[in-house]
Amino acid sequence: MEADFIKYLYNNNLRLPDAAQKQVEGLYVQPDFYYEPDIWVFCDGSPHDDDSVKESDEAKRSALRNRGDQVVVYYYKDSLENLVASRPDIFRKVR
């Protein structure tokens, strides 16, 4: 999922993340990508269909939101094109 996300951004000349696999200070969370100043991106494949994983995901993402950060989720069954179009503030053209 992460590779598909990056390839899509690169192939469409869109801003790439500022960091990958960055740990969140003070929380036991390691999102897939990070955009300055406070945007965390999760790329969820089929393992995230499991109910226990969904619960854990939501707890981690809520913790990020509760501290004022933004959370973006790319779920494998959803359209990456729609996700990117919904957040032009993050995924803007760079070349």
# chains A, B, ... in the order shown; residues from 1 in each chain; ligands from 1
call {"tool": "residues_around", "arguments": {"residues": "region 34-37 of chain A", "least_positions_apart": "2", "cutoff": "7 Å", "atoms": "only C-alpha atoms", "output": "ChimeraX atom specification"}}
result
/A:17-20,22,39-41
call {"tool": "residues_around", "arguments": {"residues": "Tyr74 (chain A)", "least_positions_apart": "4", "cutoff": "9 Å", "atoms": "only C-alpha atoms", "output": "PyMOL selection string"}}
result
chain A and resi 1+5+41-45+78-80+83
call {"tool": "write_last_selection", "arguments": {"atoms": "N, CA, C and O atoms", "output": "JSON list (two decimals), in the first residue's frame"}}
result
[["chain", "number", "residue", "atom", "x", "y", "z"],
["A", 1, "MET", "N", 0.82, -1.19, 0.00],
["A", 1, "MET", "CA", 0.00, 0.00, 0.00],
["A", 1, "MET", "C", 0.87, 1.27, 0.00],
["A", 1, "MET", "O", 0.56, 2.21, -0.71],
["A", 5, "PHE", "N", 1.00, 4.21, -2.88],
["A", 5, "PHE", "CA", 0.74, 5.60, -2.50],
["A", 5, "PHE", "C", 1.85, 6.51, -3.03],
["A", 5, "PHE", "O", 1.58, 7.51, -3.70],
["A", 41, "VAL", "N", -0.23, 10.22, 7.74],
["A", 41, "VAL", "CA", -0.91, 9.43, 6.72],
["A", 41, "VAL", "C", -0.75, 7.95, 7.03],
["A", 41, "VAL", "O", 0.38, 7.47, 7.25],
["A", 42, "PHE", "N", -1.86, 7.24, 7.04],
["A", 42, "PHE", "CA", -1.87, 5.79, 7.22],
["A", 42, "PHE", "C", -2.31, 5.14, 5.92],
["A", 42, "PHE", "O", -3.30, 5.56, 5.33],
["A", 43, "CYS", "N", -1.60, 4.13, 5.48],
["A", 43, "CYS", "CA", -1.96, 3.35, 4.30],
["A", 43, "CYS", "C", -2.40, 1.98, 4.79],
["A", 43, "CYS", "O", -1.57, 1.18, 5.25],
["A", 44, "ASP", "N", -3.70, 1.71, 4.73],
["A", 44, "ASP", "CA", -4.26, 0.50, 5.31],
["A", 44, "ASP", "C", -4.59, -0.55, 4.25],
["A", 44, "ASP", "O", -5.46, -0.34, 3.42],
["A", 45, "GLY", "N", -3.89, -1.67, 4.34],
["A", 45, "GLY", "CA", -4.17, -2.81, 3.48],
["A", 45, "GLY", "C", -5.18, -3.75, 4.11],
["A", 45, "GLY", "O", -5.80, -3.42, 5.13],
["A", 78, "ASP", "N", -10.53, 2.02, -1.15],
["A", 78, "ASP", "CA", -10.97, 3.36, -1.55],
["A", 78, "ASP", "C", -10.13, 3.88, -2.72],
["A", 78, "ASP", "O", -9.04, 3.41, -2.99],
["A", 79, "SER", "N", -10.64, 4.89, -3.36],
["A", 79, "SER", "CA", -9.96, 5.51, -4.49],
["A", 79, "SER", "C", -8.87, 6.46, -4.02],
["A", 79, "SER", "O", -9.14, 7.42, -3.30],
["A", 80, "LEU", "N", -7.66, 6.17, -4.44],
["A", 80, "LEU", "CA", -6.55, 7.06, -4.11],
["A", 80, "LEU", "C", -6.74, 8.41, -4.81],
["A", 80, "LEU", "O", -6.44, 9.46, -4.24],
["A", 83, "LEU", "N", -9.07, 10.48, -2.70],
["A", 83, "LEU", "CA", -8.40, 10.93, -1.48],
["A", 83, "LEU", "C", -7.52, 12.14, -1.79],
["A", 83, "LEU", "O", -7.59, 13.16, -1.10]]
call {"tool": "select_by_dssp", "arguments": {"residues": "chain A", "states": "alpha helix (DSSP H)", "output": "ChimeraX atom specification"}}
result
/A:2-11,51-66,80-86
call {"tool": "write_last_selection", "arguments": {"atoms": "N, CA, C and O atoms", "output": "compact mmCIF listing (two decimals), in the first residue's frame"}}
result
# COMPACT_ATOMS: atom_id res chain seq x y z
N GLU A 2 1.91 1.24 0.81
CA GLU A 2 2.77 2.42 0.90
C GLU A 2 3.44 2.70 -0.43
O GLU A 2 3.51 3.86 -0.86
N ALA A 3 3.92 1.65 -1.09
CA ALA A 3 4.57 1.84 -2.39
C ALA A 3 3.60 2.38 -3.43
O ALA A 3 3.95 3.27 -4.22
N ASP A 4 2.37 1.86 -3.44
CA ASP A 4 1.36 2.36 -4.38
C ASP A 4 1.08 3.84 -4.13
O ASP A 4 0.93 4.62 -5.08
N PHE A 5 1.00 4.21 -2.88
CA PHE A 5 0.74 5.60 -2.50
C PHE A 5 1.85 6.51 -3.03
O PHE A 5 1.58 7.51 -3.70
N ILE A 6 3.09 6.15 -2.75
CA ILE A 6 4.24 6.97 -3.18
C ILE A 6 4.34 7.02 -4.70
O ILE A 6 4.57 8.08 -5.28
N LYS A 7 4.16 5.88 -5.36
CA LYS A 7 4.23 5.86 -6.82
C LYS A 7 3.17 6.75 -7.44
O LYS A 7 3.43 7.48 -8.40
N TYR A 8 1.97 6.72 -6.88
CA TYR A 8 0.89 7.56 -7.39
C TYR A 8 1.27 9.03 -7.27
O TYR A 8 1.12 9.81 -8.21
N LEU A 9 1.74 9.43 -6.10
CA LEU A 9 2.13 10.82 -5.90
C LEU A 9 3.24 11.22 -6.86
O LEU A 9 3.17 12.27 -7.51
N TYR A 10 4.25 10.39 -6.95
CA TYR A 10 5.40 10.69 -7.81
C TYR A 10 4.97 10.79 -9.28
O TYR A 10 5.32 11.75 -9.98
N ASN A 11 4.22 9.80 -9.75
CA ASN A 11 3.80 9.77 -11.15
C ASN A 11 2.87 10.92 -11.53
O ASN A 11 2.76 11.27 -12.70
N ASP A 51 -11.47 -6.76 12.83
CA ASP A 51 -12.11 -5.89 13.83
C ASP A 51 -11.17 -5.43 14.93
O ASP A 51 -11.21 -4.27 15.34
N SER A 52 -10.30 -6.32 15.40
CA SER A 52 -9.38 -5.93 16.48
C SER A 52 -8.36 -4.91 15.97
O SER A 52 -7.96 -4.00 16.71
N VAL A 53 -7.96 -5.05 14.73
CA VAL A 53 -7.02 -4.09 14.15
C VAL A 53 -7.72 -2.74 13.96
O VAL A 53 -7.14 -1.69 14.23
N LYS A 54 -8.97 -2.78 13.52
CA LYS A 54 -9.73 -1.54 13.34
C LYS A 54 -9.85 -0.79 14.66
O LYS A 54 -9.71 0.44 14.70
N GLU A 55 -10.10 -1.50 15.74
CA GLU A 55 -10.20 -0.87 17.06
C GLU A 55 -8.89 -0.21 17.46
O GLU A 55 -8.88 0.92 17.94
N SER A 56 -7.81 -0.94 17.27
CA SER A 56 -6.48 -0.40 17.59
C SER A 56 -6.17 0.82 16.73
O SER A 56 -5.66 1.83 17.22
N ASP A 57 -6.47 0.72 15.44
CA ASP A 57 -6.24 1.85 14.52
C ASP A 57 -6.99 3.08 15.00
O ASP A 57 -6.42 4.18 15.06
N GLU A 58 -8.25 2.92 15.33
CA GLU A 58 -9.06 4.07 15.73
C GLU A 58 -8.55 4.70 17.03
O GLU A 58 -8.53 5.92 17.16
N ALA A 59 -8.11 3.88 17.96
CA ALA A 59 -7.57 4.41 19.21
C ALA A 59 -6.31 5.25 18.95
O ALA A 59 -6.15 6.35 19.50
N LYS A 60 -5.44 4.75 18.09
CA LYS A 60 -4.20 5.47 17.77
C LYS A 60 -4.50 6.77 17.02
O LYS A 60 -3.92 7.81 17.31
N ARG A 61 -5.42 6.70 16.09
CA ARG A 61 -5.74 7.88 15.29
C ARG A 61 -6.47 8.93 16.13
O ARG A 61 -6.24 10.12 15.97
N SER A 62 -7.30 8.47 17.04
CA SER A 62 -7.98 9.40 17.95
C SER A 62 -6.97 10.11 18.84
O SER A 62 -7.11 11.31 19.11
N ALA A 63 -5.96 9.39 19.28
CA ALA A 63 -4.92 10.00 20.11
C ALA A 63 -4.20 11.11 19.35
O ALA A 63 -3.90 12.17 19.92
N LEU A 64 -3.95 10.90 18.08
CA LEU A 64 -3.33 11.93 17.25
C LEU A 64 -4.25 13.13 17.08
O LEU A 64 -3.83 14.28 17.23
N ARG A 65 -5.51 12.86 16.79
CA ARG A 65 -6.48 13.96 16.61
C ARG A 65 -6.66 14.74 17.92
O ARG A 65 -6.80 15.97 17.90
N ASN A 66 -6.66 14.04 19.03
CA ASN A 66 -6.85 14.68 20.34
C ASN A 66 -5.72 15.64 20.69
O ASN A 66 -5.92 16.56 21.49
N LEU A 80 -7.66 6.17 -4.44
CA LEU A 80 -6.55 7.06 -4.11
C LEU A 80 -6.74 8.41 -4.81
O LEU A 80 -6.44 9.46 -4.24
N GLU A 81 -7.28 8.38 -6.00
CA GLU A 81 -7.54 9.62 -6.74
C GLU A 81 -8.50 10.53 -5.96
O GLU A 81 -8.27 11.74 -5.86
N ASN A 82 -9.55 9.94 -5.40
CA ASN A 82 -10.51 10.74 -4.62
C ASN A 82 -9.88 11.28 -3.34
O ASN A 82 -10.16 12.41 -2.95
N LEU A 83 -9.07 10.48 -2.70
CA LEU A 83 -8.40 10.93 -1.48
C LEU A 83 -7.52 12.14 -1.79
O LEU A 83 -7.59 13.16 -1.10
N VAL A 84 -6.70 12.02 -2.81
CA VAL A 84 -5.81 13.11 -3.19
C VAL A 84 -6.61 14.36 -3.57
O VAL A 84 -6.28 15.48 -3.15
N ALA A 85 -7.67 14.18 -4.33
CA ALA A 85 -8.50 15.32 -4.74
C ALA A 85 -9.17 16.00 -3.56
O ALA A 85 -9.41 17.21 -3.58
N SER A 86 -9.44 15.23 -2.49
CA SER A 86 -10.12 15.80 -1.33
C SER A 86 -9.20 16.64 -0.45
O SER A 86 -9.67 17.39 0.41
call {"tool": "select_by_dssp", "arguments": {"residues": "chain A", "states": "strand (DSSP E)", "output": "list of chain:residue names"}}
result
A:Ala19, A:Ala20, A:Phe33, A:Tyr34, A:Tyr35, A:Ile39, A:Trp40, A:Val41, A:Phe42, A:Cys43, A:Asp44, A:Gln70, A:Val71, A:Val72, A:Val73, A:Tyr74, A:Tyr75
call {"tool": "atom_distance", "arguments": {"atom1": "CA of Leu16 (chain A)", "atom2": "CA of Asp49 (chain A)"}}
result
26.5 Å
call {"tool": "closest_residue", "arguments": {"among": "A:Arg95, A:Arg15, A:Pro31, A:Glu25", "to": "Gln70 (chain A)", "atoms": "only C-alpha atoms"}}
result
A:Pro31
call {"tool": "atom_distance", "arguments": {"atom1": "CA of Gln30 (chain A)", "atom2": "CA of Tyr76 (chain A)"}}
result
18.4 Å
call {"tool": "atom_distance", "arguments": {"atom1": "CA of Leu14 (chain A)", "atom2": "CA of Arg92 (chain A)"}}
result
5.3 Å
